[in-house]
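Undergrad: Below is the file model-v6.cif, with mmCIF, C-alpha atoms and all ligand atoms.
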```cif
data_data
loop_
_atom_site.label_atom_id
_atom_site.label_comp_id
_atom_site.auth_asym_id
_atom_site.auth_seq_id
_atom_site.Cartn_x
_atom_site.Cartn_y
_atom_site.Cartn_z
CA MET A 1161 17.34 21.01 -4.44
CA ILE A 1162 17.71 23.48 -7.26
CA PRO A 1163 15.00 24.46 -9.76
CA LEU A 1164 15.90 22.93 -13.12
CA PHE A 1165 14.74 26.04 -14.93
CA SER A 1166 17.38 28.25 -13.31
CA ASP A 1167 20.82 29.39 -14.49
CA GLN A 1168 22.41 26.47 -12.64
CA GLY A 1169 19.92 23.99 -14.04
CA ARG A 1170 20.32 25.24 -17.61
CA ALA A 1171 24.10 25.01 -17.24
CA GLN A 1172 23.68 21.36 -16.24
CA ILE A 1173 21.44 20.70 -19.23
CA ASP A 1174 24.17 22.22 -21.44
CA ARG A 1175 26.78 20.01 -19.75
CA ILE A 1176 24.84 16.76 -19.93
CA VAL A 1177 23.24 17.08 -23.36
CA ARG A 1178 25.85 15.78 -25.77
CA PRO A 1179 25.74 13.25 -28.62
CA GLY A 1180 24.20 10.00 -27.42
CA VAL A 1181 22.87 11.33 -24.10
CA LEU A 1182 20.40 8.80 -22.69
CA CYS A 1183 17.15 10.55 -21.80
CA ALA A 1184 15.31 8.39 -19.26
CA PHE A 1185 11.95 8.96 -17.61
CA ASP A 1186 9.70 7.41 -15.02
CA PHE A 1187 6.09 6.94 -16.22
CA ASP A 1188 3.37 7.53 -13.56
CA GLY A 1189 3.56 11.03 -12.12
CA THR A 1190 6.34 12.00 -14.55
CA LEU A 1191 5.33 11.41 -18.19
CA SER A 1192 1.74 10.59 -17.25
CA PRO A 1193 -0.31 12.64 -14.78
CA PHE A 1194 -1.78 10.71 -11.84
CA VAL A 1195 -5.21 9.26 -12.44
CA GLY A 1196 -6.77 5.97 -11.34
CA TYR A 1197 -4.05 3.38 -11.97
CA GLU A 1198 -6.14 1.48 -14.51
CA ASN A 1199 -6.58 4.62 -16.64
CA ALA A 1200 -3.10 6.14 -16.80
CA SER A 1201 -1.93 7.03 -20.31
CA LEU A 1202 0.69 9.02 -22.16
CA PRO A 1203 -0.70 12.39 -23.26
CA GLU A 1204 -0.54 12.80 -27.06
CA ALA A 1205 1.55 16.01 -26.88
CA ILE A 1206 4.12 14.30 -24.65
CA CYS A 1207 4.24 11.31 -26.99
CA GLN A 1208 4.98 13.59 -29.96
CA LYS A 1209 7.80 15.33 -28.07
CA LEU A 1210 9.30 11.98 -27.02
CA LEU A 1211 9.24 10.81 -30.64
CA HIS A 1212 10.99 14.00 -31.72
CA LEU A 1213 13.58 13.58 -28.96
CA GLN A 1214 14.05 9.93 -29.89
CA SER A 1215 14.87 10.89 -33.48
CA MET A 1216 17.97 12.57 -32.02
CA THR A 1217 19.02 10.53 -28.99
CA PRO A 1218 18.13 7.30 -27.14
CA VAL A 1219 15.02 7.46 -24.95
CA ALA A 1220 14.26 5.11 -22.03
CA ILE A 1221 11.23 4.64 -19.80
CA LEU A 1222 11.71 3.02 -16.37
CA THR A 1223 8.48 2.18 -14.64
CA GLY A 1224 7.12 0.24 -11.69
CA ARG A 1225 4.35 -1.14 -13.88
CA ALA A 1226 4.54 -4.65 -15.33
CA MET A 1227 5.94 -4.93 -18.87
CA ALA A 1228 2.65 -6.00 -20.46
CA ASP A 1229 0.84 -3.14 -18.70
CA ILE A 1230 3.26 -0.39 -19.78
CA ARG A 1231 3.52 -1.70 -23.35
CA ALA A 1232 -0.23 -1.41 -23.74
CA ARG A 1233 -0.12 2.22 -22.56
CA LEU A 1234 2.66 3.42 -24.89
CA PRO A 1235 1.78 4.39 -28.45
CA PHE A 1236 5.48 4.35 -29.36
CA LYS A 1237 8.49 2.11 -28.73
CA PRO A 1238 11.23 3.75 -26.68
CA ASP A 1239 14.81 2.56 -27.20
CA PHE A 1240 14.68 0.96 -23.76
CA LEU A 1241 11.66 -0.05 -21.73
CA VAL A 1242 12.29 -1.22 -18.17
CA ALA A 1243 9.36 -2.41 -16.07
CA ASN A 1244 8.62 -3.72 -12.57
CA HIS A 1245 11.03 -1.21 -10.94
CA GLY A 1246 14.04 -2.60 -12.84
CA LEU A 1247 13.05 -6.28 -12.77
CA GLU A 1248 11.94 -6.55 -16.40
CA GLY A 1249 13.55 -5.27 -19.59
CA VAL A 1250 17.24 -5.26 -18.71
CA PRO A 1251 18.97 -8.01 -20.70
CA GLY A 1252 20.48 -10.83 -18.62
CA GLN A 1253 18.18 -10.76 -15.61
CA GLU A 1254 15.57 -13.25 -16.93
CA LYS A 1255 17.37 -16.10 -15.16
CA ASP A 1256 15.93 -14.96 -11.81
CA HIS A 1257 12.37 -14.35 -13.01
CA GLU A 1258 10.97 -17.75 -12.05
CA LYS A 1259 12.37 -17.39 -8.52
CA TYR A 1260 10.75 -13.93 -8.18
CA ARG A 1261 7.47 -15.15 -9.65
CA ARG A 1262 7.17 -17.96 -7.09
CA THR A 1263 7.96 -15.64 -4.18
CA VAL A 1264 5.44 -13.07 -5.37
CA ALA A 1265 2.73 -15.71 -5.95
CA CYS A 1266 3.02 -16.83 -2.27
CA TRP A 1267 2.79 -13.26 -1.01
CA ALA A 1268 -0.16 -12.48 -3.27
CA GLU A 1269 -2.15 -15.46 -2.03
CA ALA A 1270 -1.59 -14.60 1.63
CA LEU A 1271 -2.27 -10.89 1.12
CA GLN A 1272 -5.43 -11.39 -0.92
CA LEU A 1273 -6.82 -13.74 1.72
CA ALA A 1274 -6.31 -11.09 4.39
CA LEU A 1275 -7.52 -8.16 2.24
CA ASP A 1276 -10.74 -10.02 1.45
CA ASN A 1277 -11.78 -9.58 5.09
CA PRO A 1278 -13.79 -6.31 5.04
CA THR A 1279 -13.81 -6.01 8.82
CA ARG A 1280 -10.01 -5.68 8.88
CA TYR A 1281 -9.12 -3.89 5.62
CA ASP A 1282 -10.62 -0.92 3.82
CA ARG A 1283 -12.50 -1.79 0.60
CA GLY A 1284 -10.43 0.91 -1.08
CA VAL A 1285 -7.29 -1.22 -0.87
CA SER A 1286 -6.47 -3.24 -3.99
CA LEU A 1287 -3.77 -5.71 -4.88
CA ASP A 1288 -2.06 -5.45 -8.27
CA ASN A 1289 -0.10 -8.64 -8.99
CA LYS A 1290 2.64 -7.67 -11.44
CA ARG A 1291 4.07 -11.20 -11.53
CA TYR A 1292 7.57 -10.26 -10.29
CA SER A 1293 6.47 -7.66 -7.74
CA LEU A 1294 3.24 -6.53 -6.09
CA ALA A 1295 1.61 -3.12 -5.78
CA VAL A 1296 -0.90 -2.60 -2.97
CA HIS A 1297 -2.88 0.53 -3.82
CA TYR A 1298 -4.77 2.51 -1.20
CA ARG A 1299 -5.56 5.81 -2.98
CA LYS A 1300 -9.28 5.00 -2.56
CA ALA A 1301 -9.06 4.15 1.16
CA ALA A 1302 -11.11 6.24 3.59
CA ASP A 1303 -8.46 6.69 6.29
CA TYR A 1304 -4.87 6.79 4.98
CA ASP A 1305 -3.09 6.70 8.36
CA ALA A 1306 -5.05 3.73 9.68
CA THR A 1307 -4.68 1.88 6.36
CA GLU A 1308 -0.92 2.46 6.23
CA GLY A 1309 -0.54 1.10 9.79
CA ARG A 1310 -2.64 -2.01 9.07
CA LEU A 1311 -0.92 -2.74 5.77
CA THR A 1312 2.55 -2.37 7.26
CA ARG A 1313 1.65 -4.94 9.94
CA LEU A 1314 0.14 -7.24 7.33
CA PHE A 1315 3.28 -7.14 5.15
CA ALA A 1316 5.45 -8.12 8.13
CA GLU A 1317 3.25 -11.21 8.65
CA ALA A 1318 2.37 -12.23 5.09
CA ALA A 1319 5.48 -11.15 3.17
CA PRO A 1320 8.25 -10.88 5.77
CA THR A 1321 11.13 -10.99 3.28
CA ALA A 1322 9.65 -8.36 0.95
CA HIS A 1323 11.49 -5.13 0.29
CA VAL A 1324 8.58 -2.75 0.96
CA LEU A 1325 8.92 0.46 -1.02
CA PRO A 1326 6.32 3.12 -0.35
CA GLY A 1327 5.03 5.19 -3.26
CA LYS A 1328 2.18 7.60 -3.87
CA PHE A 1329 -0.76 5.81 -2.19
CA VAL A 1330 0.88 2.51 -3.03
CA TYR A 1331 3.22 0.01 -1.39
CA ASN A 1332 5.49 -1.90 -3.73
CA LEU A 1333 6.59 -5.32 -2.51
CA ILE A 1334 9.81 -6.36 -4.21
CA PRO A 1335 11.55 -9.75 -3.87
CA PRO A 1336 14.78 -9.67 -1.86
CA GLY A 1337 17.93 -9.15 -3.94
CA ALA A 1338 16.04 -7.87 -7.00
CA PRO A 1339 17.64 -5.11 -9.10
CA ASP A 1340 16.21 -1.59 -8.82
CA LYS A 1341 15.84 1.37 -11.17
CA GLY A 1342 19.35 2.57 -10.28
CA ASP A 1343 20.86 -0.76 -11.35
CA ALA A 1344 18.74 -0.64 -14.50
CA LEU A 1345 19.82 2.86 -15.53
CA SER A 1346 23.50 2.00 -15.06
CA GLU A 1347 23.03 -1.05 -17.31
CA LEU A 1348 21.15 0.96 -19.93
CA MET A 1349 23.94 3.55 -20.11
CA LYS A 1350 26.36 0.73 -20.87
CA ALA A 1351 24.01 -0.84 -23.43
CA ALA A 1352 23.47 2.53 -25.15
CA GLY A 1353 27.15 3.49 -24.97
CA ALA A 1354 25.97 6.73 -23.33
CA GLN A 1355 28.56 8.88 -21.56
CA THR A 1356 25.83 10.96 -19.95
CA ALA A 1357 22.18 10.56 -18.98
CA LEU A 1358 19.25 12.53 -17.70
CA TYR A 1359 16.71 10.88 -15.38
CA VAL A 1360 13.38 12.36 -14.35
CA GLY A 1361 11.19 10.75 -11.69
CA ASP A 1362 8.78 11.66 -8.95
CA ASP A 1363 8.56 8.87 -6.41
CA TRP A 1364 10.43 6.74 -3.87
CA THR A 1365 11.45 4.08 -6.39
CA ASP A 1366 13.15 6.80 -8.43
CA GLU A 1367 15.36 7.56 -5.46
CA ASP A 1368 17.40 4.47 -6.40
CA VAL A 1369 18.52 6.39 -9.49
CA PHE A 1370 18.98 9.69 -7.69
CA ALA A 1371 21.11 7.95 -5.03
CA LEU A 1372 23.61 6.77 -7.66
CA ASP A 1373 25.10 10.22 -7.20
CA ASN A 1374 26.84 9.90 -10.56
CA PRO A 1375 28.03 13.25 -12.00
CA ALA A 1376 27.33 11.89 -15.49
CA ILE A 1377 23.61 11.62 -14.64
CA LEU A 1378 21.49 14.75 -14.36
CA THR A 1379 18.86 13.88 -11.74
CA VAL A 1380 15.53 15.70 -11.78
CA ARG A 1381 12.55 15.19 -9.49
CA VAL A 1382 9.00 16.22 -10.31
CA GLU A 1383 8.13 18.53 -7.40
CA LYS A 1384 10.54 19.73 -4.77
CA SER A 1385 11.17 17.44 -1.78
CA ASP A 1386 13.61 17.90 1.08
CA GLU A 1387 13.90 14.14 1.37
CA SER A 1388 14.95 13.50 -2.21
CA ARG A 1389 18.49 12.80 -3.43
CA ALA A 1390 17.76 14.38 -6.83
CA ARG A 1391 19.79 17.55 -7.49
CA PHE A 1392 17.16 19.42 -9.50
CA TYR A 1393 13.41 19.66 -9.55
CA LEU A 1394 10.50 20.63 -11.79
CA GLU A 1395 7.74 22.59 -10.07
CA THR A 1396 4.92 20.42 -11.42
CA GLN A 1397 4.31 17.39 -13.60
CA GLU A 1398 3.13 19.67 -16.44
CA ASP A 1399 6.68 21.06 -16.66
CA ILE A 1400 7.77 17.81 -18.29
CA ALA A 1401 6.58 19.29 -21.62
CA THR A 1402 8.85 22.33 -21.18
CA LEU A 1403 11.78 20.07 -20.31
CA LEU A 1404 11.26 17.91 -23.41
CA ASP A 1405 11.17 21.08 -25.55
CA ALA A 1406 14.39 22.31 -23.92
CA LEU A 1407 16.14 19.00 -24.63
CA ILE A 1408 14.96 19.01 -28.25
CA ASP A 1409 16.07 22.65 -28.74
CA LYS A 1410 19.44 21.97 -27.17
CA LEU A 1411 20.11 18.90 -29.33
CA GLN A 1412 18.97 20.72 -32.47
CA SER A 1413 21.05 23.82 -31.87
CA ALA A 1414 24.19 22.13 -30.58
CA PHE A 1415 24.19 19.23 -33.01
CA PRO A 1416 22.24 20.43 -36.06
CA ARG A 1417 23.39 17.55 -38.27
CA GLY A 1418 21.23 14.88 -36.68
CA GLY A 1419 21.08 15.90 -33.03
CA GLY A 1420 22.90 13.57 -30.65
CA ARG A 1421 21.92 10.18 -32.11
CA PRO A 1422 24.99 8.53 -33.56
CA THR A 1423 24.38 7.54 -37.18
CA GLN A 1424 24.65 3.89 -38.23
CA GLY A 1425 28.22 2.66 -38.51
CA ASN A 1426 29.54 5.16 -35.93
O1 LIG B 1 7.49 3.83 -11.62
P1 LIG B 1 6.19 4.48 -12.01
O2 LIG B 1 6.01 4.53 -13.50
O3 LIG B 1 5.98 5.81 -11.36
O4 LIG B 1 5.08 3.49 -11.44
C1 LIG B 1 4.84 3.45 -10.03
C2 LIG B 1 3.47 2.87 -9.77
O5 LIG B 1 2.61 3.55 -10.69
C3 LIG B 1 1.25 3.14 -10.68
O6 LIG B 1 0.65 3.61 -9.50
C4 LIG B 1 0.70 5.03 -9.38
O7 LIG B 1 -0.04 5.62 -10.48
C5 LIG B 1 -1.45 5.42 -10.39
C6 LIG B 1 -2.06 5.97 -11.68
O8 LIG B 1 -1.84 7.30 -11.95
C7 LIG B 1 -1.98 6.05 -9.10
O9 LIG B 1 -3.39 5.88 -9.01
C8 LIG B 1 -1.30 5.38 -7.90
O10 LIG B 1 -1.71 5.99 -6.68
C9 LIG B 1 0.21 5.53 -8.04
O11 LIG B 1 0.83 4.81 -7.00
C10 LIG B 1 1.13 1.66 -10.89
O12 LIG B 1 -0.21 1.24 -10.74
C11 LIG B 1 2.03 0.86 -9.95
O13 LIG B 1 1.99 -0.51 -10.33
C12 LIG B 1 3.46 1.39 -10.08
O14 LIG B 1 4.30 0.70 -9.17
#
```
Once you've parsed the file, please lay out its structure as structure tokens.
Ligand SMILES: O=P(O)(O)OC[C@H]1O[C@H](O[C@H]2O[C@H](CO)[C@@H](O)[C@H](O)[C@H]2O)[C@H](O)[C@@H](O)[C@@H]1O
TA:
Amino acid sequence: MIPLFSDQGRAQIDRIVRPGVLCAFDFDGTLSPFVGYENASLPEAICQKLLHLQSMTPVAILTGRAMADIRARLPFKPDFLVANHGLEGVPGQEKDHEKYRRTVACWAEALQLALDNPTRYDRGVSLDNKRYSLAVHYRKAADYDATEGRLTRLFAEAAPTAHVLPGKFVYNLIPPGAPDKGDALSELMKAAGAQTALYVGDDWTDEDVFALDNPAILTVRVEKSDESRARFYLETQEDIATLLDALIDKLQSAFPRGGGRPTQGN
């Protein structure tokens, strides 16, 4: 992995930032610093920078949160908002929603029944039913290793067909065959007519975008990781502000007559 703020990284920003570049971001741990999952929000300064960027080029947010949840946390409307790890917000996929909802409802019932037994599961484990997928949070558990082992065994019994995606103190349970963030970003590029895109994420579900291995997509991970498929990294989550400034500066200087956003009728 290469630091984004390096000669090589800046050269890639120069290459990828062109009129209509789709600037796409994960939410938790990328645009929003980690806090308790109920309290996560978009910092005001980041919101202002995203609005500025959006005045010049399309902006997308791809999150694991449910659509209703993320909408309530965003004080602005991005050009594209994809939720539930790629399951909500991409046109055309609604036809499978009822199937996913029924699968997830069965898993949720079985999991909640088991988790309600305090002798078997840590009180710090909580189930977040996002309708089309589940998140099982354990950030507040006392013993992470023991909790991870117990939860993994529980998923095999109670949700055997689930695609279990680990995250930061969370397991995401996704219905089999569901689209992921990589599928979603590819669709959004088509919908936006974008030749190039930038994607910034920090977690396992973002690896589905990084693994696309598409030279037209500049992949950036928040924090270096030897296991990631992203090509570049930001040292810390706070560096997202510097990246947004760099994108704005680049669009303003390279395309002073309206940045990269094609004007109406083009
Ligand atoms: O795709 P993302 O936008 O990164 O969403 C992934 C999950 O984010 C949330 O959980 C994470 O953020 C919490 C709040 O900062 C944190 O407490 C938790 O440990 C993280 O896993 C969200 O609650 C999940 O539904 C998302 O799947």
Undergrad: Tell me which of A:Thr1312, A:Gln1253, A:Thr1307, A:Ser1286 sits closest to ligand LIG 1 (chain B), counting all atoms listed in the file.
TA: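 Of A:Thr1312, A:Gln1253, A:Thr1307, A:Ser1286, the one nearest ligand LIG 1 (chain B), counting all atoms listed in the file, is A:Ser1286.
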Undergrad: Counting all atoms listed in the file, give me one row per residue of chain A with an atom at most 8 Å from an atom of ligand LIG 1 (chain B), showing the shortest contact pair and its distance in Å to one decimal, sorted by chain then residue number, as CSV.
TA:
```
residue,atom,partner,partner_atom,distance
A:Asp1186,CA,B:LIG1,O2,4.9
A:Phe1187,CA,B:LIG1,O2,3.6
A:Asp1188,CA,B:LIG1,O3,3.8
A:Gly1189,CA,B:LIG1,O3,5.8
A:Thr1190,CA,B:LIG1,O3,7.0
A:Ser1192,CA,B:LIG1,O8,7.2
A:Pro1193,CA,B:LIG1,O8,6.2
A:Phe1194,CA,B:LIG1,O8,3.4
A:Val1195,CA,B:LIG1,O8,3.9
A:Gly1196,CA,B:LIG1,O9,4.1
A:Tyr1197,CA,B:LIG1,C6,3.3
A:Glu1198,CA,B:LIG1,C6,6.7
A:Asn1199,CA,B:LIG1,C6,6.8
A:Ala1200,CA,B:LIG1,O8,5.1
A:Leu1222,CA,B:LIG1,O1,6.4
A:Thr1223,CA,B:LIG1,O1,3.6
A:Gly1224,CA,B:LIG1,O1,3.6
A:Arg1225,CA,B:LIG1,O13,4.3
A:Ala1226,CA,B:LIG1,O13,7.0
A:Ala1243,CA,B:LIG1,O1,7.9
A:Asn1244,CA,B:LIG1,O14,7.1
A:His1245,CA,B:LIG1,O1,6.2
A:Asp1288,CA,B:LIG1,O13,6.7
A:Lys1290,CA,B:LIG1,O13,7.3
A:Leu1294,CA,B:LIG1,O13,7.5
A:Ala1295,CA,B:LIG1,O13,5.3
A:His1297,CA,B:LIG1,O10,6.3
A:Tyr1298,CA,B:LIG1,O10,7.2
A:Arg1299,CA,B:LIG1,O10,5.3
A:Gly1327,CA,B:LIG1,O11,5.6
A:Lys1328,CA,B:LIG1,O11,4.4
A:Phe1329,CA,B:LIG1,O10,4.6
A:Val1330,CA,B:LIG1,O11,4.6
A:Tyr1331,CA,B:LIG1,O11,7.8
A:Asn1332,CA,B:LIG1,O14,6.1
A:Gly1361,CA,B:LIG1,O3,7.2
A:Asp1362,CA,B:LIG1,O3,6.9
A:Asp1363,CA,B:LIG1,O3,6.4
A:Thr1365,CA,B:LIG1,O1,6.6
A:Asp1366,CA,B:LIG1,O1,7.1
```
Undergrad: Would you list the residues near (14.5, -2.5, -24.5), meaning any protein, DNA or RNA residue with an atom at most 7 Å from that point in file coordinates, counting all atoms listed in the file, as a PyMOL selection string?
TA: chain A and resi 1239-1242+1249-1250
Undergrad: CA of Phe1315 in chain A and CA of Tyr1281 in chain A, how far apart in Å?
TA: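 Calculated distance between CA of Tyr1281 in chain A and CA of Phe1315 in chain A is 12.8 Å.
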Undergrad: I'd like the contact shell of Leu1407 in chain A - 9 Å cut-off, only C-alpha atoms, skipping same-chain residues fewer than 4 positions apart - returned as a PyMOL selection string.
TA: chain A and resi 1173+1177+1183+1213+1402-1403+1411-1412
Undergrad: Write out as a VMD selection string each polymer residue whose atoms come within 8 Å of Leu1404 in chain A, counting all atoms listed in the file; drop sequence neighbours fewer than 3 positions from it.
TA: chain A and resid 1209 to 1210 1213 1400 to 1401 1407 to 1408
Undergrad: Determine, counting only C-alpha atoms, which protein, DNA and RNA residues have an atom within 9 Å of an atom of Ala1318 in chain A; residues of the same chain fewer than 5 positions away are not included. Present the result as a VMD selection string.
TA: chain A and resid 1266 to 1268 1270 to 1271 1274 1313
Undergrad: Contacts of Gln1208 in chain A at 12 Å or less, counting only C-alpha atoms, minus same-chain residues fewer than 3 places along, as JSON, numbers by chain?
TA: {"A": [1191, 1202, 1203, 1204, 1205, 1211, 1212, 1213, 1214, 1215, 1234, 1235, 1236, 1401, 1404, 1405, 1408]}
Undergrad: So how far away is CA of Pro1238 in chain A from CA of Ala1354 in chain A, in Å?
TA: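 Pair CA of Ala1354 in chain A / CA of Pro1238 in chain A returns 15.4 Å.
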Undergrad: Between CA of Phe1185 in chain A and CA of Pro1336 in chain A, what distance in Å does the model show, to one decimal?
TA: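 Value for the CA of Phe1185 in chain A-CA of Pro1336 in chain A distance: 24.6 Å.
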Undergrad: Excluding Asp1386 in chain A and any residue of its chain fewer than 3 positions from it, enumerate the residues within 10 Å of it, using only C-alpha atoms, and give them as a list of chain:residue names.
TA: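 Those residues are A:Met1161, A:Arg1389, A:Ala1390.
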Undergrad: With C-alpha atoms retained, write the just-selected residues as a compact mmCIF listing (two decimals), in the coordinates of the input.
TA:
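As a result, result-v7.txt now contains:
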```txt
# COMPACT_ATOMS: atom_id res chain seq x y z
CA MET A 1161 17.34 21.01 -4.44
CA ARG A 1389 18.49 12.80 -3.43
CA ALA A 1390 17.76 14.38 -6.83
```
Undergrad: When distances are computed from only C-alpha atoms, which of A:Ala1322, A:Met1349, A:Ile1377, A:Ile1334 shows the smallest separation from Ala1220 in chain A?
TA: A:Met1349
